[in-house]
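The file protein39.txt contains compact mmCIF, C-alpha atoms and all ligand atoms:
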```
# COMPACT_ATOMS: atom_id res chain seq x y z
CA MET A 141 -7.52 -29.37 20.61
CA LEU A 142 -7.63 -28.78 16.85
CA ASN A 143 -10.66 -26.99 15.50
CA ARG A 144 -13.15 -28.94 13.43
CA LYS A 145 -12.33 -27.48 10.06
CA TYR A 146 -8.61 -28.04 10.55
CA GLN A 147 -9.19 -31.61 11.76
CA ASP A 148 -11.41 -32.33 8.73
CA ALA A 149 -8.79 -30.94 6.42
CA LEU A 150 -6.15 -33.12 8.07
CA ASP A 151 -8.35 -36.20 7.80
CA ASN A 152 -9.22 -35.58 4.16
CA LYS A 153 -5.74 -34.80 3.07
CA THR A 154 -4.11 -37.32 0.82
CA LYS A 155 -0.84 -35.40 0.88
CA ARG A 156 0.67 -32.74 3.10
CA SER A 157 0.30 -29.22 1.86
CA LYS A 158 3.38 -27.33 0.85
CA ALA A 159 4.44 -23.74 1.45
CA LEU A 160 7.29 -21.58 0.26
CA ALA A 161 8.72 -19.36 3.01
CA LEU A 162 10.66 -16.16 2.45
CA LEU A 163 13.61 -16.55 4.79
CA SER A 164 15.72 -13.50 5.57
CA GLY A 165 17.88 -15.03 8.27
CA GLY A 166 16.26 -12.92 10.99
CA LEU A 167 14.26 -14.19 13.93
CA ASP A 168 10.82 -13.29 12.55
CA SER A 169 11.06 -15.43 9.44
CA LEU A 170 12.54 -18.29 11.44
CA LEU A 171 9.61 -18.19 13.89
CA ALA A 172 7.11 -18.01 11.02
CA VAL A 173 8.62 -21.12 9.43
CA LYS A 174 8.60 -22.96 12.76
CA LEU A 175 4.92 -22.17 13.35
CA VAL A 176 3.96 -23.50 9.94
CA LEU A 177 6.16 -26.59 10.16
CA ASP A 178 4.56 -27.34 13.53
CA GLN A 179 1.19 -27.48 11.77
CA GLY A 180 2.37 -30.33 9.58
CA VAL A 181 2.98 -28.28 6.44
CA ASP A 182 5.97 -29.07 4.21
CA VAL A 183 8.10 -25.97 3.84
CA GLU A 184 10.79 -24.98 1.37
CA ALA A 185 12.47 -21.61 1.77
CA VAL A 186 13.72 -18.89 -0.53
CA ASN A 187 16.35 -16.36 0.40
CA PHE A 188 16.61 -13.19 -1.68
CA MET A 189 19.85 -11.31 -2.07
CA THR A 190 20.17 -7.82 -3.54
CA PRO A 191 23.31 -5.78 -4.33
CA PHE A 192 22.58 -3.85 -1.10
CA CYS A 193 22.24 -6.76 1.31
CA LEU A 194 24.13 -6.65 4.55
CA CYS A 195 22.49 -9.97 5.34
CA ASP A 196 24.07 -12.72 7.28
CA ARG A 197 24.23 -15.70 4.95
CA CYS A 198 25.58 -17.90 7.72
CA SER A 199 22.45 -17.49 9.81
CA VAL A 200 20.28 -18.53 6.85
CA ASN A 201 22.44 -21.61 6.31
CA LYS A 202 22.28 -22.45 9.99
CA PHE A 203 18.48 -22.14 10.12
CA VAL A 204 17.79 -24.30 7.11
CA LYS A 205 20.13 -26.93 8.47
CA GLU A 206 18.45 -26.84 11.87
CA LEU A 207 14.97 -26.89 10.37
CA ASP A 208 15.98 -29.45 7.79
CA ILE A 209 14.30 -27.64 4.90
CA LYS A 210 15.36 -27.00 1.34
CA ILE A 211 16.59 -23.50 0.49
CA HIS A 212 16.47 -21.70 -2.86
CA ARG A 213 18.54 -18.58 -3.39
CA ILE A 214 17.58 -15.79 -5.76
CA PHE A 215 19.82 -12.84 -6.58
CA LEU A 216 17.94 -9.75 -7.72
CA GLY A 217 20.40 -7.88 -9.92
CA GLN A 218 19.76 -5.40 -12.73
CA GLU A 219 16.01 -5.83 -12.45
CA PHE A 220 16.27 -4.61 -8.85
CA LEU A 221 18.50 -1.68 -9.81
CA ASP A 222 16.11 -0.54 -12.55
CA MET A 223 13.30 -0.56 -10.01
CA ILE A 224 15.30 1.65 -7.62
CA VAL A 225 15.72 4.39 -10.22
CA ASN A 226 11.99 5.09 -10.35
CA PRO A 227 9.95 3.05 -7.89
CA ALA A 228 6.18 3.21 -8.48
CA HIS A 229 5.48 3.55 -4.75
CA GLY A 230 8.39 5.82 -3.87
CA TYR A 231 11.03 5.48 -1.19
CA GLY A 232 10.92 4.94 2.56
CA SER A 233 12.90 7.15 4.94
CA GLN A 234 16.05 6.87 2.75
CA MET A 235 16.47 5.30 -0.70
CA ASN A 236 14.67 2.11 0.24
CA PRO A 237 11.80 1.40 -2.17
CA CYS A 238 10.40 -1.26 0.16
CA LEU A 239 6.95 -1.61 -1.39
CA ASP A 240 8.27 -2.14 -4.91
CA CYS A 241 11.05 -4.33 -3.55
CA ARG A 242 8.55 -6.59 -1.81
CA VAL A 243 6.34 -6.76 -4.91
CA LEU A 244 9.37 -7.84 -6.94
CA MET A 245 10.40 -10.44 -4.38
CA PHE A 246 6.88 -11.83 -4.14
CA ARG A 247 6.57 -12.04 -7.93
CA ARG A 248 9.76 -14.06 -8.10
CA ALA A 249 8.67 -16.17 -5.13
CA LYS A 250 5.33 -16.83 -6.87
CA GLU A 251 7.14 -18.19 -9.93
CA LEU A 252 9.22 -20.44 -7.71
CA ALA A 253 6.18 -21.58 -5.71
CA GLU A 254 4.45 -22.61 -8.94
CA LYS A 255 7.55 -24.52 -10.00
CA ILE A 256 7.88 -26.48 -6.76
CA GLY A 257 4.15 -26.98 -6.21
CA ALA A 258 3.80 -24.79 -3.11
CA GLU A 259 0.20 -23.75 -2.44
CA PHE A 260 0.96 -20.62 -0.46
CA LEU A 261 3.74 -18.36 0.74
CA VAL A 262 4.87 -17.71 4.30
CA THR A 263 6.65 -14.62 5.60
CA GLY A 264 7.84 -13.40 8.97
CA GLU A 265 6.23 -9.99 8.47
CA VAL A 266 4.82 -8.37 11.58
CA LEU A 267 2.06 -5.79 11.31
CA GLY A 268 3.40 -2.32 12.12
CA GLU A 269 7.00 -3.44 12.57
CA ARG A 270 8.19 -1.34 9.64
CA PRO A 271 6.33 1.90 9.09
CA PHE A 272 6.60 1.91 5.30
CA SER A 273 6.03 -1.64 4.11
CA GLN A 274 4.36 -3.41 7.03
CA ARG A 275 1.22 -1.36 7.41
CA LYS A 276 -1.93 -3.37 6.74
CA GLU A 277 -2.84 -1.44 3.57
CA ALA A 278 0.73 -1.72 2.27
CA MET A 279 0.82 -5.46 2.92
CA LEU A 280 -2.44 -5.98 1.06
CA LEU A 281 -1.37 -3.74 -1.81
CA ILE A 282 1.89 -5.67 -2.19
CA GLU A 283 -0.09 -8.91 -2.25
CA ARG A 284 -2.41 -7.61 -4.96
CA GLU A 285 0.36 -6.23 -7.14
CA ALA A 286 2.30 -9.46 -6.93
CA GLY A 287 -0.78 -11.43 -8.01
CA LEU A 288 -0.86 -13.27 -4.70
CA GLU A 289 -4.07 -12.03 -3.13
CA GLY A 290 -4.91 -14.24 -0.15
CA LYS A 291 -1.97 -16.52 -0.82
CA ILE A 292 0.46 -15.05 1.71
CA LEU A 293 0.35 -16.34 5.26
CA ARG A 294 1.98 -14.18 7.93
CA PRO A 295 1.86 -16.47 10.95
CA LEU A 296 3.14 -13.87 13.44
CA SER A 297 0.34 -11.36 12.72
CA ALA A 298 -2.25 -13.58 10.96
CA LYS A 299 -5.01 -12.94 13.50
CA LEU A 300 -4.82 -9.21 12.85
CA LEU A 301 -5.17 -9.64 9.09
CA PRO A 302 -7.92 -10.89 6.80
CA LYS A 303 -8.09 -14.68 6.58
CA SER A 304 -5.65 -15.99 4.02
CA GLU A 305 -6.47 -18.78 1.57
CA PRO A 306 -4.56 -21.49 3.46
CA GLU A 307 -6.53 -20.60 6.60
CA LYS A 308 -9.84 -20.63 4.71
CA LYS A 309 -9.02 -24.00 3.16
CA GLY A 310 -8.02 -25.41 6.52
CA LEU A 311 -4.43 -26.07 5.45
CA VAL A 312 -3.38 -24.28 8.63
CA ASP A 313 -5.28 -23.64 11.84
CA ARG A 314 -5.85 -19.91 12.38
CA ASP A 315 -6.27 -20.51 16.11
CA ARG A 316 -2.65 -21.57 16.33
CA LEU A 317 -1.39 -18.45 14.57
CA LEU A 318 -0.49 -15.21 16.36
CA ALA A 319 -1.51 -11.59 16.70
CA ILE A 320 1.83 -9.80 17.16
CA ARG A 321 1.88 -6.12 16.28
CA GLY A 322 4.44 -3.32 16.42
CA ARG A 323 8.14 -2.74 16.71
CA ARG A 324 8.77 -4.11 20.20
CA ARG A 325 10.39 -7.46 19.76
CA LEU A 326 9.55 -8.90 23.15
CA PRO A 327 6.75 -11.21 21.91
CA GLN A 328 9.10 -12.69 19.30
CA MET A 329 11.82 -13.18 21.91
CA GLU A 330 9.35 -14.83 24.25
CA LEU A 331 8.18 -17.13 21.45
CA ALA A 332 11.79 -17.98 20.58
CA ARG A 333 12.33 -18.96 24.23
CA LYS A 334 9.22 -21.19 24.15
CA LEU A 335 10.36 -22.84 20.93
CA CYS A 336 13.86 -23.30 22.42
CA ILE A 337 15.48 -21.12 19.77
CA LYS A 338 18.50 -19.60 21.45
CA ASP A 339 20.88 -18.47 18.75
CA TYR A 340 19.42 -15.87 16.48
CA PRO A 341 20.93 -12.80 14.86
CA ASN A 342 20.31 -9.23 15.88
CA PRO A 343 17.39 -7.76 13.91
CA SER A 344 19.47 -4.82 12.66
CA GLY A 345 21.29 -6.55 9.73
CA GLY A 346 19.60 -5.24 6.71
CA CYS A 347 19.88 -3.20 3.65
CA LEU A 348 22.30 -0.45 2.65
CA LEU A 349 19.45 1.49 1.04
CA THR A 350 18.23 2.48 4.51
CA ASP A 351 21.64 3.88 5.48
CA PRO A 352 21.52 7.71 5.28
CA GLY A 353 25.16 8.09 4.12
CA PHE A 354 24.82 5.52 1.38
CA ALA A 355 21.41 6.88 0.36
CA GLN A 356 22.95 10.33 -0.09
CA ARG A 357 25.57 8.90 -2.47
CA LEU A 358 23.00 6.98 -4.41
CA ARG A 359 20.72 10.03 -4.76
CA GLU A 360 23.66 12.06 -6.03
CA HIS A 361 24.61 9.32 -8.47
CA LEU A 362 21.09 9.10 -9.89
CA LYS A 363 20.90 12.85 -10.24
CA TYR A 364 23.98 12.86 -12.49
CA LYS A 365 23.63 9.56 -14.27
CA GLY A 366 19.92 8.72 -14.17
CA GLU A 367 20.58 4.99 -14.24
CA LEU A 368 22.21 2.38 -12.06
CA THR A 369 24.31 -0.67 -12.89
CA LEU A 370 25.97 -3.34 -10.76
CA GLU A 371 29.31 -1.67 -11.54
CA ASP A 372 27.98 1.64 -10.22
CA VAL A 373 26.89 -0.03 -7.00
CA ALA A 374 30.30 -1.64 -6.53
CA LEU A 375 31.84 1.83 -6.70
CA LEU A 376 29.22 3.45 -4.47
CA LYS A 377 30.08 0.96 -1.74
CA VAL A 378 33.74 1.87 -1.48
CA GLY A 379 35.82 4.90 -0.41
CA ARG A 380 35.11 8.59 0.18
CA HIS A 381 33.21 10.28 -2.65
CA PHE A 382 33.64 13.83 -3.94
CA ARG A 383 31.96 15.70 -6.77
CA LEU A 384 34.12 18.07 -8.85
CA ASP A 385 31.71 19.49 -11.42
CA THR A 386 31.15 16.74 -13.98
CA VAL A 387 33.80 14.49 -12.42
CA LYS A 388 33.42 12.19 -9.46
CA ILE A 389 36.41 10.96 -7.52
CA VAL A 390 36.55 8.04 -5.10
CA VAL A 391 39.33 8.07 -2.50
CA GLY A 392 40.32 4.81 -0.75
CA ARG A 393 40.09 4.80 3.04
CA ASN A 394 42.44 1.91 3.78
CA LYS A 395 44.63 -0.76 2.24
CA GLU A 396 41.70 -3.01 1.49
CA GLU A 397 39.75 -0.28 -0.30
CA ASN A 398 42.84 0.82 -2.23
CA LYS A 399 43.17 -2.73 -3.51
CA ARG A 400 39.52 -2.80 -4.54
CA LEU A 401 39.81 0.55 -6.29
CA LEU A 402 42.87 -0.60 -8.23
CA MET A 403 40.96 -3.66 -9.33
CA ILE A 404 37.96 -1.56 -10.43
CA SER A 405 40.34 0.80 -12.26
CA LYS A 406 41.89 -2.12 -14.13
CA ASN A 407 38.62 -3.84 -15.00
CA ARG A 408 36.75 -0.72 -16.04
CA ARG A 409 39.66 1.26 -17.42
CA ILE A 410 39.09 4.14 -15.00
CA PRO A 411 42.12 6.43 -14.46
CA TYR A 412 43.54 6.77 -10.95
CA LEU A 413 45.82 9.03 -8.97
CA GLU A 414 48.37 8.29 -6.24
CA ALA A 415 51.26 10.05 -4.53
CA LEU A 416 54.70 9.24 -5.94
CA ASP A 417 56.86 9.61 -2.84
CA TYR A 418 54.45 9.16 0.08
CA LYS A 419 52.05 6.53 1.29
CA GLY A 420 48.47 7.46 0.57
CA PRO A 421 45.19 6.53 -1.04
CA ILE A 422 44.30 5.39 -4.52
CA THR A 423 41.84 7.85 -6.04
CA LEU A 424 39.67 6.88 -8.98
CA TYR A 425 38.89 9.69 -11.40
CA VAL A 426 35.54 9.12 -13.09
CA GLY A 427 34.70 11.58 -15.84
CA GLU A 428 36.13 13.86 -18.45
CA GLU A 429 39.86 14.66 -18.22
CA LYS A 430 40.12 18.37 -17.54
CA PRO A 431 43.45 19.75 -16.26
CA ASP A 432 41.89 21.89 -13.49
CA LEU A 433 39.74 19.01 -12.22
CA MET A 434 42.64 16.56 -12.38
CA GLU A 435 44.65 18.98 -10.24
CA ARG A 436 41.83 19.32 -7.75
CA ALA A 437 41.51 15.53 -7.56
CA ALA A 438 45.27 15.30 -6.96
CA ALA A 439 45.05 17.93 -4.19
CA ILE A 440 42.32 15.92 -2.45
CA THR A 441 44.42 12.77 -2.72
CA VAL A 442 47.40 14.55 -1.14
CA ARG A 443 45.14 15.65 1.74
CA TYR A 444 44.65 11.98 2.68
CA SER A 445 48.28 10.96 2.14
CA ASP A 446 51.19 10.90 4.61
CA ALA A 447 52.84 13.90 2.91
CA PRO A 448 53.75 16.75 5.33
CA LYS A 449 51.26 19.61 5.28
CA GLY A 450 51.74 22.57 2.95
CA ILE A 451 54.48 21.20 0.67
CA PRO A 452 54.12 20.50 -3.05
CA VAL A 453 53.71 16.76 -3.67
CA LYS A 454 54.28 14.85 -6.91
CA MET A 455 51.26 12.80 -7.95
CA THR A 456 50.83 10.36 -10.82
CA TYR A 457 47.70 10.27 -12.89
CA ARG A 458 47.49 6.92 -14.67
CA SER A 459 45.12 5.89 -17.37
CA ASN A 460 45.44 3.17 -19.97
CA GLU A 461 46.76 5.58 -22.53
CA LYS A 462 49.04 7.78 -20.49
CA GLU A 463 50.79 8.62 -17.28
CA LYS A 464 51.07 12.19 -16.15
CA ILE A 465 52.87 13.82 -13.20
CA ILE A 466 51.01 16.59 -11.37
CA GLU A 467 52.57 18.61 -8.55
CA VAL A 468 50.08 20.00 -6.01
CA ARG A 469 49.60 20.95 -2.35
CA ALA A 470 46.89 19.36 -0.20
CA ILE A 471 43.49 20.98 -0.48
CA LYS A 472 42.20 22.93 2.56
CA ASP A 473 39.56 21.16 4.64
CA ASP A 474 36.89 23.86 4.27
CA LYS A 475 37.09 23.57 0.46
CA LEU A 476 37.11 19.80 0.66
CA GLU A 477 33.88 19.59 2.64
CA LYS A 478 31.98 21.49 -0.04
CA MET A 479 32.78 18.74 -2.53
CA ARG A 480 32.04 15.77 -0.32
CA ILE A 481 29.07 13.64 -1.34
S1 LIG B 1 14.86 -2.63 3.41
FE1 LIG B 1 15.83 -3.02 1.42
S2 LIG B 1 15.64 -5.24 1.10
FE2 LIG B 1 14.21 -4.68 2.76
S3 LIG B 1 12.26 -4.34 1.72
FE3 LIG B 1 13.27 -2.37 1.87
S4 LIG B 1 14.40 -2.11 -0.05
FE4 LIG B 1 13.86 -4.28 0.15
```
Could you express the structure from this file as structure tokens?
Amino acid sequence: MLNRKYQDALDNKTKRSKALALLSGGLDSLLAVKLVLDQGVDVEAVNFMTPFCLCDRCSVNKFVKELDIKIHRIFLGQEFLDMIVNPAHGYGSQMNPCLDCRVLMFRRAKELAEKIGAEFLVTGEVLGERPFSQRKEAMLLIEREAGLEGKILRPLSAKLLPKSEPEKKGLVDRDRLLAIRGRRRLPQMELARKLCIKDYPNPSGGCLLTDPGFAQRLREHLKYKGELTLEDVALLKVGRHFRLDTVKIVVGRNKEENKRLLMISKNRRIPYLEALDYKGPITLYVGEEKPDLMERAAAITVRYSDAPKGIPVKMTYRSNEKEKIIEVRAIKDDKLEKMRI
């Protein structure tokens, strides 16, 4: 039975209310959307992409098709990268500035909601599921900073949070919302079973910024460069990285990466090294051309080539202006490890 306030709101309504849902493609946001749709609210969704997304676009497409709702896609590019360099609320366990990231996403979602006439936002956030950004105080702080105080409905944990505006106005019935807390995903799986949702992606998915190896590279990059561009990120995502004083080299790990590195070299006019007579990696050389560092870069490249151990190997160093032959032996592993980023 619907409560009085909700029933009154339904009776008085001349049109259905409208919400904008942040849809990540994971189970939580799907369940949140389902719960709101089941209360007779019109829902449109927005899916945010960042340069660090490992998200499954297919699952988002599948959900919106199944739910028959409109999807908007927003790519957060340079604005997102600038935020990462110096996030007001710091980083999580790695280089993930989740609080600032959420504020940014909510600000953009707010603009979209105003454009499409949505009265409130919906997310699949669960209280305590993520230690950094899904604590109660953090959630409320994000709301405030995004200028959305009271306007975010979190159907999975709503009963554990202060009443949101749509609940107060009777646009949704608080009694039909949930009180899920914590990192165990059993309640969500149980709810999915009840709602007959069978196919949903693994919750891992995610964001490269939480990956310790990638975070280490990014930290190192920011220490040397102090800024971050989309081109930098493209390079951070590929190959093995080594620091040789002021120079960074990126060594391809397979055919696919070698192809990507050659492409980056061509587009950004970055010199590269490769073995002349043996199969081996492409190595990008980023930084000032110094003979000793070029030799060291060549020796690292030989280490990952098919050349027999211990023999001198001819390497080419190619830049737009010149091509140079360098003859070196593979670097020893103990020396190599000291340079690895
Ligand atoms: S994990 Fe990545 S995408 Fe998710 S909130 Fe944190 S920074 Fe943003």
For Leu300 of chain A: contacts at 8 Å, all atoms listed in the file, fewer than 2 positions along chain excluded, given as a list of chain:residue names: A:Leu267, A:Ser297, A:Ala298, A:Pro302, A:Ala319, A:Ile320
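For the choices A:Leu402, A:Val183, A:Met434, A:Cys347, the atom-to-atom distance to ligand LIG 1 (chain B) is smallest for A:Cys347 when using all atoms listed in the file.
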Determine, using all atoms listed in the file, which residues of segment 347-387 of chain A have any atom at most 8 Å from an atom of segment 189-198 of chain A, and tabulate each with its shortest atom pair and distance in Å to one decimal place, rows ordered by chain and then rising number, as JSON lines.
```
{"residue": "A:Cys347", "atom": "CA", "partner": "A:Cys193", "partner_atom": "CA", "distance": 4.9}
{"residue": "A:Leu348", "atom": "CA", "partner": "A:Phe192", "partner_atom": "CA", "distance": 5.1}
{"residue": "A:Leu349", "atom": "CA", "partner": "A:Phe192", "partner_atom": "CA", "distance": 6.5}
{"residue": "A:Leu370", "atom": "CA", "partner": "A:Pro191", "partner_atom": "CA", "distance": 7.4}
{"residue": "A:Val373", "atom": "CA", "partner": "A:Pro191", "partner_atom": "CA", "distance": 7.3}
```
For Arg469 of chain A, work out the shell of residues within 10 Å, counting all atoms listed in the file and skipping chain neighbours fewer than 4 positions away, then give it as an mmCIF file with C-alpha atoms, keeping the file's coordinate frame.
```
data_model
loop_
_atom_site.group_PDB
_atom_site.id
_atom_site.type_symbol
_atom_site.label_atom_id
_atom_site.label_comp_id
_atom_site.auth_asym_id
_atom_site.auth_seq_id
_atom_site.Cartn_x
_atom_site.Cartn_y
_atom_site.Cartn_z
ATOM 1 C CA GLU A 435 44.650 18.980 -10.240
ATOM 2 C CA ARG A 436 41.830 19.320 -7.750
ATOM 3 C CA ALA A 438 45.270 15.300 -6.960
ATOM 4 C CA ALA A 439 45.050 17.930 -4.190
ATOM 5 C CA ILE A 440 42.320 15.920 -2.450
ATOM 6 C CA THR A 441 44.420 12.770 -2.720
ATOM 7 C CA VAL A 442 47.400 14.550 -1.140
ATOM 8 C CA ARG A 443 45.140 15.650 1.740
ATOM 9 C CA ALA A 447 52.840 13.900 2.910
ATOM 10 C CA PRO A 448 53.750 16.750 5.330
ATOM 11 C CA LYS A 449 51.260 19.610 5.280
ATOM 12 C CA GLY A 450 51.740 22.570 2.950
ATOM 13 C CA ILE A 451 54.480 21.200 0.670
ATOM 14 C CA PRO A 452 54.120 20.500 -3.050
ATOM 15 C CA VAL A 453 53.710 16.760 -3.670
ATOM 16 C CA LYS A 454 54.280 14.850 -6.910
#
```
Go through chain A residue by residue and, counting all atoms listed in the file, keep those with an atom at most 12 Å from ligand LIG 1 (chain B); for each kept residue give the shortest atom pair and its distance in Å to one decimal, ordered by chain and increasing number, as a tab-separated table.
```
residue	atom	partner	partner_atom	distance
A:Leu162	CA	B:LIG1	S3	12.0
A:Ser164	CA	B:LIG1	FE2	9.4
A:Gly166	CA	B:LIG1	FE2	11.8
A:Asn187	CA	B:LIG1	S2	11.2
A:Phe188	CA	B:LIG1	S2	8.5
A:Met189	CA	B:LIG1	S2	8.0
A:Thr190	CA	B:LIG1	S2	7.0
A:Pro191	CA	B:LIG1	S2	9.4
A:Phe192	CA	B:LIG1	FE1	7.3
A:Cys193	CA	B:LIG1	S2	6.8
A:Leu194	CA	B:LIG1	S2	9.3
A:Cys195	CA	B:LIG1	S2	9.3
A:Phe215	CA	B:LIG1	S2	11.6
A:Leu216	CA	B:LIG1	S2	10.2
A:Phe220	CA	B:LIG1	FE4	9.3
A:Leu221	CA	B:LIG1	S4	10.6
A:Met223	CA	B:LIG1	S4	10.1
A:Ile224	CA	B:LIG1	S4	8.5
A:Pro227	CA	B:LIG1	S4	10.4
A:His229	CA	B:LIG1	S4	11.6
A:Gly230	CA	B:LIG1	S4	10.7
A:Tyr231	CA	B:LIG1	S4	8.4
A:Gly232	CA	B:LIG1	FE3	7.7
A:Ser233	CA	B:LIG1	FE3	10.0
A:Gln234	CA	B:LIG1	S4	9.6
A:Met235	CA	B:LIG1	S4	7.7
A:Asn236	CA	B:LIG1	S4	4.2
A:Pro237	CA	B:LIG1	S4	4.9
A:Cys238	CA	B:LIG1	FE3	3.5
A:Leu239	CA	B:LIG1	S3	6.7
A:Asp240	CA	B:LIG1	S4	7.8
A:Cys241	CA	B:LIG1	FE4	4.6
A:Arg242	CA	B:LIG1	S3	5.6
A:Val243	CA	B:LIG1	S3	9.2
A:Leu244	CA	B:LIG1	FE4	9.1
A:Met245	CA	B:LIG1	FE4	8.4
A:Phe246	CA	B:LIG1	S3	10.9
A:Glu265	CA	B:LIG1	S3	10.7
A:Arg270	CA	B:LIG1	S1	9.2
A:Pro271	CA	B:LIG1	FE3	10.9
A:Phe272	CA	B:LIG1	FE3	8.6
A:Ser273	CA	B:LIG1	S3	7.2
A:Gln274	CA	B:LIG1	S3	9.6
A:Ala278	CA	B:LIG1	S3	11.8
A:Met279	CA	B:LIG1	S3	11.6
A:Ile282	CA	B:LIG1	S3	11.2
A:Pro343	CA	B:LIG1	S1	12.0
A:Ser344	CA	B:LIG1	S1	10.6
A:Gly345	CA	B:LIG1	S1	9.8
A:Gly346	CA	B:LIG1	S1	6.3
A:Cys347	CA	B:LIG1	FE1	4.6
A:Leu348	CA	B:LIG1	FE1	7.1
A:Leu349	CA	B:LIG1	FE1	5.8
A:Thr350	CA	B:LIG1	S1	6.2
A:Asp351	CA	B:LIG1	S1	9.6
A:Ala355	CA	B:LIG1	S4	11.4
```
